[in-house]
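**Q** Got a structure for you, questions after.
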2 protein chains.
Amino acid sequence: MIPDHDAAPKRRRPGRPRSARADRDILEATIQILVEEGYQALTIEGIAERAGVGKTTIYRRFSTVEEIIVRAFGALDLHVDVPDTGSTREDLLQLGHAFRVQASAAVMFPVMGQIVGTALSNPAVLDAFREHLMKPRQATIRKILERGVERGDVRPDIDIELIADLIPGGIIFYKLFQLPPDADLPEDYPDRVLNTIWHGIKAE
Amino acid sequence: MIPDHDAAPKRRRPGRPRSARADRDILEATIQILVEEGYQALTIEGIAERAGVGKTTIYRRFSTVEEIIVRAFGALDLHVDVPDTGSTREDLLQLGHAFRVQASAAVMFPVMGQIVGTALSNPAVLDAFREHLMKPRQATIRKILERGVERGDVRPDIDIELIADLIPGGIIFYKLFQLPPDADLPEDYPDRVLNTIWHGIKAE
DNA sequence: ACGTATCGATACTAATACGTATCGTAATAG
DNA sequence: CTATTACGATACGTATTAGTATCGATACGT
């Protein structure tokens, strides 16, 4: 930790304070452009225009688009409800169906690919995506499975980490590569996924 | 079909013929840039420079970068060997391990994300990617499973299409989101995937 | 009231890429 | 040999974006 040189670090600086409204508008415009027009269309000028702020206002807060993306993902952080029906199979199904209709899932899908593409030059962007949009969901899968192991309806030698990759991976792959770009996931897809992998999860 | 107006359509046009060498160099440069620098770095001028050809030579053949990509993916088309060991489980394992070390898989991974990102504006690019790089592999999984159903070591009510998404989806997801961008897939990953989903595949 | 920092807006330079045109040269058909 | 087309190289005008500078106006502390 770097110690604050100022004895009263919380003291307000003089002058007009930064607009919280502008903060919010910048991050919202960023996500909107990312979803509607894609990563390549994400420029500082475009964000400024859509947010209705001056470029100065953005440059005062960020130096690169990537910094803005990282912050915007952080602001998207959402609470994922952990279903608890008493049945692991039912818990996973509910999670799958919730994911299918969640707003932030709609954000994830179009953005995902392009984010991965920038990982080589901008690991921080991928990290933020993983941290704020992927990990919370994978953690939920893990929790459900761990609870199932304790309860006894999940086999104890299960490869939890793998399943936490397999479920989202299969769904995302299907959405990105098999469906038309604008189509939603079919309603029964979570059921199909679970029907197939459940055999490897359930206790005998 | 549009009938040829010319009676002898194959007749050579006068003048210097197009260089097959230039054709090849353009497509190779395209794949190289895509893998090494990413989609955003893929420009006509960049391709021309790396291929050592004039921009004219490119514009004589293509009008957009996307056209070049589509053609380049087509040229990547490769023969996928279908393992046939007599055991479905062993066939799938061999396929997984072959995929792990294949050169074209190394092309797929970095490119994949960025391709998906362009799908909205350029469906043809996604189609070419799917057709030439994904479908051959998924078709192989299907063949192996169908053979297994006939042989009887695969349950007859299996969801083949789903498994043909789940296996590549899980592996790709792990590679893109869980591993450091430059890391290879661990040697035992295909085994882990198969250990988990095999329960839902094998006949009782 | 005064000092200071932020606000949106506008203007500007530099860099990059596109797409076209033109050059002299090379390769092929007739 | 002549006509035709392709070649790599270079130059050019246009468009987009980055990043900085400047403007008068605004909001806050003292």
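Letters A, B, ... go to the chains of the structure tokens in the order shown; residues in each chain start at 1; ligands are counted from 1 in the same order.
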Among segment 21-201 of chain B, which residues does DSSP mark as alpha helix (DSSP H) when it is run on the backbone? Keep the chain and numbering as in the structure and answer as number ranges by chain.
**A** B: 21-36, 44-51, 55-59, 65-76, 88-101, 103-118, 123-129, 135-151, 160-173, 189-197
**Q** May I ask you to extract the residues of chain A within 6 Å of chain D, using only C-alpha atoms (C1' of nucleotides), and to give them as a ChimeraX atom specification?
**A** /A:14-16
**Q** Could you work out which residues of chain B fall inside 8 Å of chain A? Count only C-alpha atoms, and format the result as a PyMOL selection string.
**A** chain B and resi 38-40+110-120+126+130+158-159+162-163+165-174+176-177+181+192-193+196-201
**Q** Report as CSV the residues of chain C within 9 Å of chain B, each with its shortest atom pair and distance in Å (one decimal), using only C-alpha atoms (C1' of nucleotides), ordered by chain and increasing residue number.
**A**
```
residue,atom,partner,partner_atom,distance
C:DA17,C1',B:Thr43,CA,7.5
C:DC18,C1',B:Ile44,CA,8.5
C:DA26,C1',B:Arg16,CA,8.0
C:DA27,C1',B:Arg16,CA,4.6
C:DT28,C1',B:Arg16,CA,4.8
C:DA29,C1',B:Pro14,CA,5.3
C:DG30,C1',B:Pro14,CA,8.9
```
**Q** For the residues selected in the previous step, produce a file with C-alpha atoms (C1' of nucleotides) as a CSV table (one decimal), in the first residue's frame.
**A**
```csv
chain,number,residue,atom,x,y,z
C,17,DA,C1',-6.4,3.2,-43.6
C,18,DC,C1',-9.2,3.3,-47.7
C,26,DA,C1',6.8,-8.6,-67.1
C,27,DA,C1',4.1,-12.3,-69.1
C,28,DT,C1',1.0,-14.3,-72.2
C,29,DA,C1',-2.1,-14.8,-76.8
C,30,DG,C1',-2.4,-14.3,-81.5
```
**Q** Skip Val80 of chain B itself and residues of its chain fewer than 4 positions away, then list as a VMD selection string all residues within 8 Å of it, counting only C-alpha atoms (C1' of nucleotides).
**A** chain B and resid 136 to 137 140
**Q** What does the distance from atom CA of Glu131 of chain B to atom CA of Ile31 of chain B come to in Å, to one decimal?
**A**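 Separation of atom CA of Glu131 of chain B and atom CA of Ile31 of chain B: 16.4 Å.
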**Q** Within 8 Å of Asp77 of chain B, counting only C-alpha atoms (C1' of nucleotides), which residues qualify if same-chain residues fewer than 3 places away don't, as a PDB file with N, CA and C atoms, in the first residue's frame?
**A**
```
ATOM      1  N   PHE B  73      -9.964 -19.024 -44.986  1.00  0.00           N
ATOM      2  CA  PHE B  73     -10.490 -20.149 -44.202  1.00  0.00           C
ATOM      3  C   PHE B  73     -10.750 -21.343 -45.112  1.00  0.00           C
ATOM      4  N   GLY B  74     -11.280 -21.065 -46.282  1.00  0.00           N
ATOM      5  CA  GLY B  74     -11.535 -22.150 -47.222  1.00  0.00           C
ATOM      6  C   GLY B  74     -10.249 -22.881 -47.569  1.00  0.00           C
ATOM      7  N   HIS B 132     -15.536 -24.369 -42.443  1.00  0.00           N
ATOM      8  CA  HIS B 132     -14.230 -24.957 -42.744  1.00  0.00           C
ATOM      9  C   HIS B 132     -13.444 -25.367 -41.504  1.00  0.00           C
ATOM     10  N   LEU B 133     -13.735 -24.732 -40.381  1.00  0.00           N
ATOM     11  CA  LEU B 133     -12.936 -25.054 -39.199  1.00  0.00           C
ATOM     12  C   LEU B 133     -13.712 -25.775 -38.105  1.00  0.00           C
TER      13      LEU B 133
END
```
**Q** Show which residues sit within 9 Å of Gly52 of chain B, as a list in words. Count only C-alpha atoms (C1' of nucleotides), and ignore same-chain residues fewer than 5 positions away.
**A**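 Final neighbour list, sorted by chain and number: Ala22, Asp25, Ile26 and Ile47 of chain B; DG8 of chain D.
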**Q** Please provide as a list of chain:residue names all residues within 10 Å of Asp188 of chain A, with the sequence filter that same-chain residues fewer than 3 positions apart are discarded (counting only C-alpha atoms (C1' of nucleotides)).
**A**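 My list of contacting residues is A:Gly96, A:His97, A:Arg100, A:Leu185, A:Asp191, A:Arg192, A:Val193.
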**Q** Kindly export the residues of the current selection with N, CA and C atoms, as a PDB file, in the first residue's frame.
**A**
```
ATOM      1  N   GLY A  96     -29.725 -22.596 -15.101  1.00  0.00           N
ATOM      2  CA  GLY A  96     -29.639 -22.551 -16.559  1.00  0.00           C
ATOM      3  C   GLY A  96     -30.732 -21.689 -17.168  1.00  0.00           C
ATOM      4  N   HIS A  97     -31.942 -21.859 -16.688  1.00  0.00           N
ATOM      5  CA  HIS A  97     -33.037 -21.076 -17.238  1.00  0.00           C
ATOM      6  C   HIS A  97     -32.928 -19.607 -16.864  1.00  0.00           C
ATOM      7  N   ARG A 100     -30.468 -18.054 -19.114  1.00  0.00           N
ATOM      8  CA  ARG A 100     -30.960 -17.918 -20.480  1.00  0.00           C
ATOM      9  C   ARG A 100     -31.680 -16.587 -20.701  1.00  0.00           C
ATOM     10  N   LEU A 185     -31.409 -18.284 -27.230  1.00  0.00           N
ATOM     11  CA  LEU A 185     -31.279 -19.708 -26.914  1.00  0.00           C
ATOM     12  C   LEU A 185     -32.670 -20.341 -26.858  1.00  0.00           C
ATOM     13  N   ASP A 191     -32.280 -27.760 -20.489  1.00  0.00           N
ATOM     14  CA  ASP A 191     -32.731 -29.118 -20.174  1.00  0.00           C
ATOM     15  C   ASP A 191     -31.912 -30.148 -20.941  1.00  0.00           C
ATOM     16  N   ARG A 192     -31.676 -29.873 -22.212  1.00  0.00           N
ATOM     17  CA  ARG A 192     -30.899 -30.826 -23.006  1.00  0.00           C
ATOM     18  C   ARG A 192     -29.491 -30.982 -22.444  1.00  0.00           C
ATOM     19  N   VAL A 193     -28.876 -29.852 -22.109  1.00  0.00           N
ATOM     20  CA  VAL A 193     -27.532 -29.920 -21.548  1.00  0.00           C
ATOM     21  C   VAL A 193     -27.536 -30.761 -20.280  1.00  0.00           C
TER      22      VAL A 193
END
```
